[in-house]
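One file, coords-v7.txt, is given below (compact mmCIF, C-alpha atoms).
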```
# COMPACT_ATOMS: atom_id res chain seq x y z
CA MET A 1 -27.81 3.88 -2.63
CA LYS A 2 -25.92 4.80 -5.77
CA ASN A 3 -23.05 2.54 -6.80
CA ARG A 4 -19.95 4.57 -7.53
CA ILE A 5 -16.34 4.27 -8.64
CA TYR A 6 -13.86 7.01 -7.78
CA VAL A 7 -10.34 7.39 -9.18
CA MET A 8 -7.80 9.92 -7.89
CA ASP A 9 -4.32 10.90 -9.06
CA VAL A 10 -2.23 11.48 -5.93
CA SER A 11 0.52 13.56 -7.55
CA PHE A 12 -0.83 16.67 -5.75
CA LEU A 13 0.37 15.09 -2.49
CA GLU A 14 4.01 15.39 -3.60
CA ASP A 15 3.90 18.91 -2.17
CA PRO A 16 4.90 18.54 1.55
CA GLU A 17 2.52 21.24 2.80
CA THR A 18 -0.41 19.71 0.92
CA PHE A 19 0.49 16.27 2.24
CA GLU A 20 0.61 17.57 5.83
CA TYR A 21 -2.69 19.43 5.41
CA TRP A 22 -4.55 16.28 4.36
CA TYR A 23 -2.69 14.04 6.79
CA GLU A 24 -3.93 16.12 9.72
CA LYS A 25 -7.52 15.63 8.53
CA MET A 26 -7.31 11.84 8.65
CA LYS A 27 -8.72 9.53 11.31
CA PRO A 28 -6.17 7.90 13.66
CA PHE A 29 -6.32 4.51 11.91
CA ARG A 30 -5.46 6.12 8.54
CA LYS A 31 -2.59 8.10 10.08
CA SER A 32 -1.27 4.84 11.53
CA LYS A 33 -1.37 3.19 8.10
CA VAL A 34 0.47 6.12 6.52
CA ASP A 35 3.06 6.21 9.31
CA ALA A 36 3.76 2.48 8.97
CA LEU A 37 4.86 2.87 5.35
CA LYS A 38 8.43 3.84 4.43
CA PRO A 39 8.50 4.82 0.74
CA GLU A 40 7.07 8.31 0.24
CA SER A 41 5.17 7.06 -2.79
CA SER A 42 3.39 4.46 -0.62
CA LYS A 43 2.55 7.09 1.98
CA ARG A 44 0.97 9.27 -0.70
CA LEU A 45 -1.13 6.39 -2.01
CA SER A 46 -2.34 5.45 1.46
CA LEU A 47 -3.19 9.06 2.28
CA GLY A 48 -4.94 9.42 -1.07
CA ALA A 49 -7.01 6.34 -0.25
CA GLY A 50 -8.06 7.97 3.01
CA ILE A 51 -9.00 11.23 1.29
CA LEU A 52 -11.03 9.41 -1.34
CA LEU A 53 -12.88 7.27 1.21
CA ASP A 54 -13.70 10.25 3.45
CA ARG A 55 -15.01 12.28 0.50
CA ALA A 56 -17.14 9.45 -0.88
CA LEU A 57 -18.69 8.58 2.48
CA GLU A 58 -19.35 12.22 3.29
CA GLU A 59 -21.32 12.51 0.05
CA LEU A 60 -23.41 9.57 1.25
CA GLY A 61 -24.00 11.24 4.61
CA ILE A 62 -21.60 8.96 6.48
CA ALA A 63 -19.22 11.23 8.39
CA ASP A 64 -18.67 9.17 11.54
CA TYR A 65 -17.49 5.69 10.70
CA ALA A 66 -15.07 2.99 11.79
CA ILE A 67 -13.34 0.21 9.90
CA GLU A 68 -13.10 -3.37 11.07
CA ILE A 69 -10.99 -6.09 9.46
CA GLY A 70 -12.77 -9.31 8.50
CA ASP A 71 -11.53 -12.80 9.29
CA LYS A 72 -9.62 -12.95 5.99
CA GLY A 73 -8.22 -9.44 6.13
CA LYS A 74 -10.80 -7.49 4.12
CA PRO A 75 -11.80 -4.14 5.67
CA TYR A 76 -15.47 -3.32 6.34
CA LEU A 77 -17.32 -0.25 7.52
CA THR A 78 -19.06 -0.41 10.89
CA ASN A 79 -21.45 2.02 12.52
CA LYS A 80 -20.91 3.71 15.88
CA ASP A 81 -22.41 0.74 17.75
CA GLY A 82 -20.00 -1.69 16.12
CA GLY A 83 -22.53 -3.31 13.80
CA PRO A 84 -22.35 -3.48 9.98
CA ALA A 85 -22.87 -0.14 8.29
CA GLY A 86 -24.71 -1.52 5.25
CA THR A 87 -22.26 0.20 2.92
CA PHE A 88 -19.46 -1.76 1.29
CA PHE A 89 -16.21 -0.39 -0.10
CA ASN A 90 -12.98 -1.57 -1.63
CA LEU A 91 -9.76 0.35 -2.31
CA SER A 92 -6.89 -0.27 -4.71
CA HIS A 93 -3.86 1.68 -5.87
CA SER A 94 -1.11 1.47 -8.45
CA GLY A 95 1.42 3.93 -9.81
CA MET A 96 -0.04 7.36 -9.06
CA LYS A 97 -3.70 6.29 -8.96
CA VAL A 98 -6.04 5.31 -6.16
CA ALA A 99 -9.41 3.68 -6.92
CA LEU A 100 -12.41 3.27 -4.63
CA GLY A 101 -15.64 1.35 -5.12
CA ILE A 102 -18.73 2.07 -3.00
CA SER A 103 -21.86 -0.08 -3.06
CA ASP A 104 -24.73 -1.50 -0.99
CA ARG A 105 -23.50 -4.98 -1.91
CA GLU A 106 -20.14 -6.70 -1.61
CA ILE A 107 -17.57 -5.29 -4.05
CA GLY A 108 -14.03 -5.90 -5.26
CA VAL A 109 -11.91 -3.29 -7.07
CA ASP A 110 -8.46 -3.45 -8.61
CA ILE A 111 -6.48 -0.86 -10.57
CA GLU A 112 -3.16 -1.59 -12.27
CA ARG A 113 -0.71 0.44 -14.28
CA ILE A 114 -0.37 -1.13 -17.74
CA ARG A 115 2.74 -3.30 -17.83
CA ASN A 116 4.39 -6.04 -19.82
CA PHE A 117 3.49 -9.61 -18.90
CA LYS A 118 6.26 -12.15 -19.27
CA ASP A 119 5.46 -15.36 -21.12
CA SER A 120 6.17 -17.40 -17.97
CA LEU A 121 3.51 -15.49 -16.00
CA ILE A 122 1.00 -15.68 -18.86
CA GLU A 123 1.46 -19.47 -19.07
CA ARG A 124 1.01 -19.87 -15.31
CA VAL A 125 -1.96 -17.57 -14.76
CA PHE A 126 -4.02 -17.58 -17.96
CA SER A 127 -5.79 -20.47 -19.67
CA ASP A 128 -5.81 -20.99 -23.44
CA ASP A 129 -9.33 -19.53 -23.60
CA GLU A 130 -8.19 -16.47 -21.65
CA LYS A 131 -5.23 -16.00 -24.00
CA GLU A 132 -7.68 -15.99 -26.90
CA LEU A 133 -9.85 -13.51 -24.99
CA ALA A 134 -6.78 -11.27 -24.54
CA ARG A 135 -6.04 -11.38 -28.26
CA ASN A 136 -9.64 -10.45 -29.09
CA MET A 137 -9.58 -7.58 -26.57
CA ALA A 138 -6.29 -6.31 -28.01
CA LYS A 139 -7.85 -6.17 -31.49
CA ALA A 140 -11.05 -4.47 -30.32
CA ASN A 141 -9.59 -1.76 -28.09
CA ALA A 142 -7.09 0.92 -29.02
CA CYS A 143 -4.20 1.19 -26.58
CA LYS A 144 -1.82 4.14 -26.57
CA VAL A 145 0.56 2.66 -24.00
CA ASN A 146 2.79 -0.39 -24.57
CA SER A 147 1.17 -2.98 -26.83
CA GLY A 148 -2.45 -3.98 -27.20
CA LEU A 149 -1.68 -7.35 -25.61
CA ASP A 150 -0.08 -5.64 -22.60
CA CYS A 151 -3.30 -3.68 -22.13
CA ALA A 152 -5.43 -6.79 -22.52
CA TYR A 153 -3.44 -8.89 -20.07
CA THR A 154 -3.41 -6.03 -17.58
CA SER A 155 -7.21 -5.90 -17.93
CA LEU A 156 -7.54 -9.62 -17.30
CA TRP A 157 -5.15 -9.42 -14.36
CA THR A 158 -7.23 -6.66 -12.74
CA ALA A 159 -10.33 -8.80 -13.33
CA LYS A 160 -8.82 -11.73 -11.44
CA GLU A 161 -7.55 -9.47 -8.67
CA SER A 162 -10.99 -7.86 -8.30
CA VAL A 163 -12.55 -11.31 -7.83
CA MET A 164 -9.93 -12.18 -5.21
CA LYS A 165 -10.68 -8.93 -3.38
CA TYR A 166 -14.44 -9.40 -3.73
CA SER A 167 -14.16 -12.81 -2.08
CA GLY A 168 -12.09 -11.47 0.80
CA GLN A 169 -9.77 -14.46 0.37
CA GLY A 170 -6.91 -12.51 -1.17
CA LEU A 171 -4.03 -14.66 -2.39
CA SER A 172 -5.58 -17.78 -0.87
CA LEU A 173 -7.79 -17.72 -3.97
CA MET A 174 -5.13 -18.21 -6.62
CA PRO A 175 -5.51 -16.20 -9.87
CA GLU A 176 -5.09 -19.33 -12.00
CA ALA A 177 -8.16 -20.82 -10.23
CA ILE A 178 -10.31 -17.99 -11.60
CA GLU A 179 -11.68 -18.46 -15.12
CA LEU A 180 -12.74 -15.44 -17.17
CA GLU A 181 -14.87 -15.24 -20.29
CA ALA A 182 -16.50 -12.50 -22.34
CA ALA A 183 -20.01 -11.48 -21.38
CA GLY A 184 -21.60 -8.70 -23.37
CA ALA A 185 -18.39 -6.82 -24.04
CA SER A 186 -19.02 -3.28 -25.21
CA PRO A 187 -15.70 -1.72 -26.31
CA GLY A 188 -15.69 2.05 -26.46
CA LYS A 189 -18.84 2.62 -24.40
CA ARG A 190 -18.36 5.84 -22.49
CA ALA A 191 -18.91 5.87 -18.76
CA GLY A 192 -18.33 9.50 -17.84
CA PHE A 193 -20.40 11.42 -15.30
CA ASP A 194 -20.41 14.87 -13.74
CA ALA A 195 -17.87 15.23 -10.99
CA PRO A 196 -19.51 15.02 -7.56
CA GLY A 197 -20.00 18.28 -5.75
CA ASP A 198 -19.19 20.90 -8.36
CA GLY A 199 -21.29 19.77 -11.31
CA LYS A 200 -18.40 20.14 -13.76
CA PRO A 201 -17.80 17.43 -16.35
CA GLU A 202 -14.86 15.20 -15.56
CA LYS A 203 -12.79 12.95 -17.78
CA ALA A 204 -14.67 9.91 -19.00
CA ALA A 205 -13.48 6.33 -18.79
CA ALA A 206 -14.27 3.91 -21.56
CA LYS A 207 -15.76 0.63 -20.44
CA GLU A 208 -13.41 -1.73 -22.22
CA ALA A 209 -15.26 -4.99 -21.56
CA CYS A 210 -17.74 -6.87 -19.41
CA LEU A 211 -16.66 -10.33 -18.31
CA SER A 212 -18.16 -13.23 -16.43
CA VAL A 213 -16.25 -15.43 -14.02
CA ARG A 214 -16.10 -18.99 -12.70
CA ALA A 215 -14.15 -20.34 -9.74
CA GLU A 216 -14.50 -23.65 -7.91
CA GLU A 217 -13.76 -22.02 -4.56
CA LEU A 218 -16.28 -19.18 -4.92
CA ASP A 219 -19.95 -18.92 -5.85
CA CYS A 220 -19.74 -16.56 -8.84
CA ARG A 221 -23.38 -16.73 -9.89
CA GLY A 222 -24.65 -13.25 -10.69
CA LEU A 223 -21.22 -11.62 -10.61
CA SER A 224 -20.19 -9.18 -13.32
CA LEU A 225 -16.70 -7.85 -14.04
CA SER A 226 -16.63 -4.34 -15.52
CA ILE A 227 -13.27 -3.22 -16.94
CA TYR A 228 -12.56 0.48 -17.45
CA ALA A 229 -9.79 1.89 -19.64
CA ILE A 230 -8.00 4.79 -17.95
CA GLU A 231 -5.02 6.35 -19.70
CA GLY A 232 -2.01 4.24 -18.71
CA TYR A 233 -4.11 2.05 -16.39
CA ARG A 234 -6.86 -0.53 -16.28
CA LEU A 235 -9.48 -0.86 -13.56
CA CYS A 236 -11.93 -3.69 -12.86
CA VAL A 237 -14.97 -3.83 -10.60
CA CYS A 238 -16.35 -7.17 -9.39
CA SER A 239 -19.96 -6.84 -8.26
CA GLU A 240 -23.50 -8.08 -8.66
CA TYR A 241 -24.10 -4.73 -10.40
CA LYS A 242 -23.12 -4.03 -13.99
CA GLU A 243 -23.27 -0.23 -13.96
CA PHE A 244 -21.48 2.27 -11.74
CA GLU A 245 -21.29 6.03 -11.71
CA TYR A 246 -17.68 6.93 -12.44
CA TYR A 247 -15.77 9.92 -11.03
CA GLU A 248 -12.16 10.79 -11.75
CA GLU A 249 -10.02 13.65 -10.47
```
Rewritten as structure tokens:
Amino acid sequence: MKNRIYVMDVSFLEDPETFEYWYEKMKPFRKSKVDALKPESSKRLSLGAGILLDRALEELGIADYAIEIGDKGKPYLTNKDGGPAGTFFNLSHSGMKVALGISDREIGVDIERIRNFKDSLIERVFSDDEKELARNMAKANACKVNSGLDCAYTSLWTAKESVMKYSGQGLSLMPEAIELEAAGASPGKRAGFDAPGDGKPEKAAAKEACLSVRAEELDCRGLSLSIYAIEGYRLCVCSEYKEFEYYEE
């Protein structure tokens, strides 16, 4: 199976008729998730996540699927008989973007809008080595939004979040307990692919860095963290794989 990352801008769902059209196409569990949310922006992100997941699975030939929640709250695909589907996914959203990772192995994905990190949060979450890593990343990668350090710390934050989501432990695995270090960083490497379905070139994302990770509460051997630079956002994938096909719309 191909390992893929999908990113969608949900601004098209601001149109009420478009929102209703896609809402009616969703499975009951996705409708329930959308209905349970109050802010319209949250509803759009949840619906966008459903659209993205349906499209990606349909491309893989998985049209009839169910989702079960693991012991620690992480969702998993199951087949019609209730057993594991053999396909793993992870969703994330921030701002106007939804991100989805699909793989045949466990995966964690996090996307974040670039923001300013207060000194108090930096001191609590990041080690001295990670602060140095952030400074090196800020020098190596151009950033058009905010400052280079804001971009770098957002990247490192997504990396820690992706590990937490990979593990399925969520916030029980504290971000300060996750240690990041550079591993074959390749600033500026393009990671663009043809858009699925129509064969037209889509926007490319630059792979900003590759990191390795250590955590006392998680076996991180063989894990790779791939950070992608999207305009105004950063995205990280935690996986045993280092390369993913990337699609953005």
Within 12 Å of Ala177 in chain A, counting only C-alpha atoms, which residues show up once you throw out same-chain ones fewer than 2 positions away? Write them as a PDB file with C-alpha atoms, keeping the file's coordinate frame, please.
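Saved file result-v2.pdb follows:
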```pdb
ATOM      1  CA  ARG A 124       1.010 -19.870 -15.310  1.00  0.00           C
ATOM      2  CA  VAL A 125      -1.960 -17.570 -14.760  1.00  0.00           C
ATOM      3  CA  PHE A 126      -4.020 -17.580 -17.960  1.00  0.00           C
ATOM      4  CA  SER A 127      -5.790 -20.470 -19.670  1.00  0.00           C
ATOM      5  CA  LYS A 160      -8.820 -11.730 -11.440  1.00  0.00           C
ATOM      6  CA  GLU A 161      -7.550  -9.470  -8.670  1.00  0.00           C
ATOM      7  CA  VAL A 163     -12.550 -11.310  -7.830  1.00  0.00           C
ATOM      8  CA  MET A 164      -9.930 -12.180  -5.210  1.00  0.00           C
ATOM      9  CA  LEU A 171      -4.030 -14.660  -2.390  1.00  0.00           C
ATOM     10  CA  SER A 172      -5.580 -17.780  -0.870  1.00  0.00           C
ATOM     11  CA  LEU A 173      -7.790 -17.720  -3.970  1.00  0.00           C
ATOM     12  CA  MET A 174      -5.130 -18.210  -6.620  1.00  0.00           C
ATOM     13  CA  PRO A 175      -5.510 -16.200  -9.870  1.00  0.00           C
ATOM     14  CA  GLU A 179     -11.680 -18.460 -15.120  1.00  0.00           C
ATOM     15  CA  LEU A 180     -12.740 -15.440 -17.170  1.00  0.00           C
ATOM     16  CA  VAL A 213     -16.250 -15.430 -14.020  1.00  0.00           C
ATOM     17  CA  ARG A 214     -16.100 -18.990 -12.700  1.00  0.00           C
ATOM     18  CA  ALA A 215     -14.150 -20.340  -9.740  1.00  0.00           C
ATOM     19  CA  GLU A 216     -14.500 -23.650  -7.910  1.00  0.00           C
ATOM     20  CA  GLU A 217     -13.760 -22.020  -4.560  1.00  0.00           C
ATOM     21  CA  LEU A 218     -16.280 -19.180  -4.920  1.00  0.00           C
TER      22      LEU A 218
END
```
- Separating CA of Leu211 in chain A from CA of Leu53 in chain A, to the nearest tenth of an Å, is a gap of 26.6 Å
- Message: Using Å and a single decimal, report how far CA of Ser103 in chain A sits from CA of Ser155 in chain A.
- Response: 21.7 Å
- Separation of CA of Tyr153 in chain A and CA of Asp219 in chain A, in Å? 24.0 Å
- Task: Considering all atoms listed in the file, state which residue in the set A:Arg4, A:Phe117, A:Leu57, A:Asn136 is at the smallest distance from Lys242 in chain A.
- Result: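 Of all the options, A:Arg4 lies closest to Lys242 in chain A.
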- Item | For Glu106 in chain A, the nearest of the candidates A:Ile230, A:Ala56, A:Ala140, A:Leu223, counting all atoms listed in the file |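 Answer, going by the shortest atom-to-atom distance: A:Leu223.
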- Using all atoms listed in the file: which of A:Lys74, A:Asn79, A:Trp157, A:Gly50 has the shortest distance to Lys33 in chain A: A:Gly50
Could you add the missing atoms to range 158-181 of chain A, up to N, CA and C atoms, and return them as a PDB file, keeping the file's coordinate frame?
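Once everything was written out, this is selection_32.pdb:
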```
ATOM      1  N   THR A 158      -6.403  -7.429 -13.680  1.00  0.00           N
ATOM      2  CA  THR A 158      -7.230  -6.660 -12.740  1.00  0.00           C
ATOM      3  C   THR A 158      -8.548  -7.388 -12.484  1.00  0.00           C
ATOM      4  N   ALA A 159      -9.080  -8.057 -13.507  1.00  0.00           N
ATOM      5  CA  ALA A 159     -10.330  -8.800 -13.330  1.00  0.00           C
ATOM      6  C   ALA A 159     -10.151  -9.908 -12.292  1.00  0.00           C
ATOM      7  N   LYS A 160      -9.065 -10.661 -12.403  1.00  0.00           N
ATOM      8  CA  LYS A 160      -8.820 -11.730 -11.440  1.00  0.00           C
ATOM      9  C   LYS A 160      -8.578 -11.177 -10.047  1.00  0.00           C
ATOM     10  N   GLU A 161      -7.816 -10.086  -9.965  1.00  0.00           N
ATOM     11  CA  GLU A 161      -7.550  -9.470  -8.670  1.00  0.00           C
ATOM     12  C   GLU A 161      -8.849  -8.950  -8.039  1.00  0.00           C
ATOM     13  N   SER A 162      -9.742  -8.388  -8.846  1.00  0.00           N
ATOM     14  CA  SER A 162     -10.990  -7.860  -8.300  1.00  0.00           C
ATOM     15  C   SER A 162     -11.860  -8.974  -7.727  1.00  0.00           C
ATOM     16  N   VAL A 163     -11.820 -10.153  -8.351  1.00  0.00           N
ATOM     17  CA  VAL A 163     -12.550 -11.310  -7.830  1.00  0.00           C
ATOM     18  C   VAL A 163     -11.945 -11.759  -6.507  1.00  0.00           C
ATOM     19  N   MET A 164     -10.616 -11.803  -6.444  1.00  0.00           N
ATOM     20  CA  MET A 164      -9.930 -12.180  -5.210  1.00  0.00           C
ATOM     21  C   MET A 164     -10.276 -11.218  -4.086  1.00  0.00           C
ATOM     22  N   LYS A 165     -10.359  -9.931  -4.406  1.00  0.00           N
ATOM     23  CA  LYS A 165     -10.680  -8.930  -3.380  1.00  0.00           C
ATOM     24  C   LYS A 165     -12.166  -8.974  -3.020  1.00  0.00           C
ATOM     25  N   TYR A 166     -13.015  -9.243  -4.002  1.00  0.00           N
ATOM     26  CA  TYR A 166     -14.440  -9.400  -3.730  1.00  0.00           C
ATOM     27  C   TYR A 166     -14.656 -10.526  -2.711  1.00  0.00           C
ATOM     28  N   SER A 167     -13.971 -11.633  -2.918  1.00  0.00           N
ATOM     29  CA  SER A 167     -14.160 -12.810  -2.080  1.00  0.00           C
ATOM     30  C   SER A 167     -13.652 -12.608  -0.665  1.00  0.00           C
ATOM     31  N   GLY A 168     -12.708 -11.666  -0.493  1.00  0.00           N
ATOM     32  CA  GLY A 168     -12.090 -11.470   0.800  1.00  0.00           C
ATOM     33  C   GLY A 168     -11.001 -12.487   1.100  1.00  0.00           C
ATOM     34  N   GLN A 169     -10.751 -13.397   0.150  1.00  0.00           N
ATOM     35  CA  GLN A 169      -9.770 -14.460   0.370  1.00  0.00           C
ATOM     36  C   GLN A 169      -8.357 -14.042  -0.009  1.00  0.00           C
ATOM     37  N   GLY A 170      -8.233 -12.958  -0.768  1.00  0.00           N
ATOM     38  CA  GLY A 170      -6.910 -12.510  -1.170  1.00  0.00           C
ATOM     39  C   GLY A 170      -6.167 -13.576  -1.939  1.00  0.00           C
ATOM     40  N   LEU A 171      -4.882 -13.736  -1.645  1.00  0.00           N
ATOM     41  CA  LEU A 171      -4.030 -14.660  -2.390  1.00  0.00           C
ATOM     42  C   LEU A 171      -4.346 -16.119  -2.110  1.00  0.00           C
ATOM     43  N   SER A 172      -5.191 -16.391  -1.096  1.00  0.00           N
ATOM     44  CA  SER A 172      -5.580 -17.780  -0.870  1.00  0.00           C
ATOM     45  C   SER A 172      -6.469 -18.302  -1.993  1.00  0.00           C
ATOM     46  N   LEU A 173      -7.084 -17.369  -2.744  1.00  0.00           N
ATOM     47  CA  LEU A 173      -7.790 -17.720  -3.970  1.00  0.00           C
ATOM     48  C   LEU A 173      -6.853 -17.398  -5.124  1.00  0.00           C
ATOM     49  N   MET A 174      -6.185 -18.424  -5.644  1.00  0.00           N
ATOM     50  CA  MET A 174      -5.130 -18.210  -6.620  1.00  0.00           C
ATOM     51  C   MET A 174      -5.700 -17.688  -7.938  1.00  0.00           C
ATOM     52  N   PRO A 175      -4.992 -16.761  -8.618  1.00  0.00           N
ATOM     53  CA  PRO A 175      -5.510 -16.200  -9.870  1.00  0.00           C
ATOM     54  C   PRO A 175      -5.727 -17.248 -10.953  1.00  0.00           C
ATOM     55  N   GLU A 176      -4.912 -18.301 -10.966  1.00  0.00           N
ATOM     56  CA  GLU A 176      -5.090 -19.330 -12.000  1.00  0.00           C
ATOM     57  C   GLU A 176      -6.333 -20.181 -11.745  1.00  0.00           C
ATOM     58  N   ALA A 177      -6.928 -20.084 -10.541  1.00  0.00           N
ATOM     59  CA  ALA A 177      -8.160 -20.820 -10.230  1.00  0.00           C
ATOM     60  C   ALA A 177      -9.400 -20.035 -10.633  1.00  0.00           C
ATOM     61  N   ILE A 178      -9.208 -18.843 -11.164  1.00  0.00           N
ATOM     62  CA  ILE A 178     -10.310 -17.990 -11.600  1.00  0.00           C
ATOM     63  C   ILE A 178     -10.367 -18.016 -13.117  1.00  0.00           C
ATOM     64  N   GLU A 179     -11.515 -18.355 -13.670  1.00  0.00           N
ATOM     65  CA  GLU A 179     -11.680 -18.460 -15.120  1.00  0.00           C
ATOM     66  C   GLU A 179     -12.551 -17.321 -15.630  1.00  0.00           C
ATOM     67  N   LEU A 180     -12.041 -16.602 -16.617  1.00  0.00           N
ATOM     68  CA  LEU A 180     -12.740 -15.440 -17.170  1.00  0.00           C
ATOM     69  C   LEU A 180     -13.248 -15.742 -18.575  1.00  0.00           C
ATOM     70  N   GLU A 181     -14.377 -15.144 -18.916  1.00  0.00           N
ATOM     71  CA  GLU A 181     -14.870 -15.240 -20.290  1.00  0.00           C
ATOM     72  C   GLU A 181     -15.679 -13.998 -20.610  1.00  0.00           C
TER      73      GLU A 181
END
```
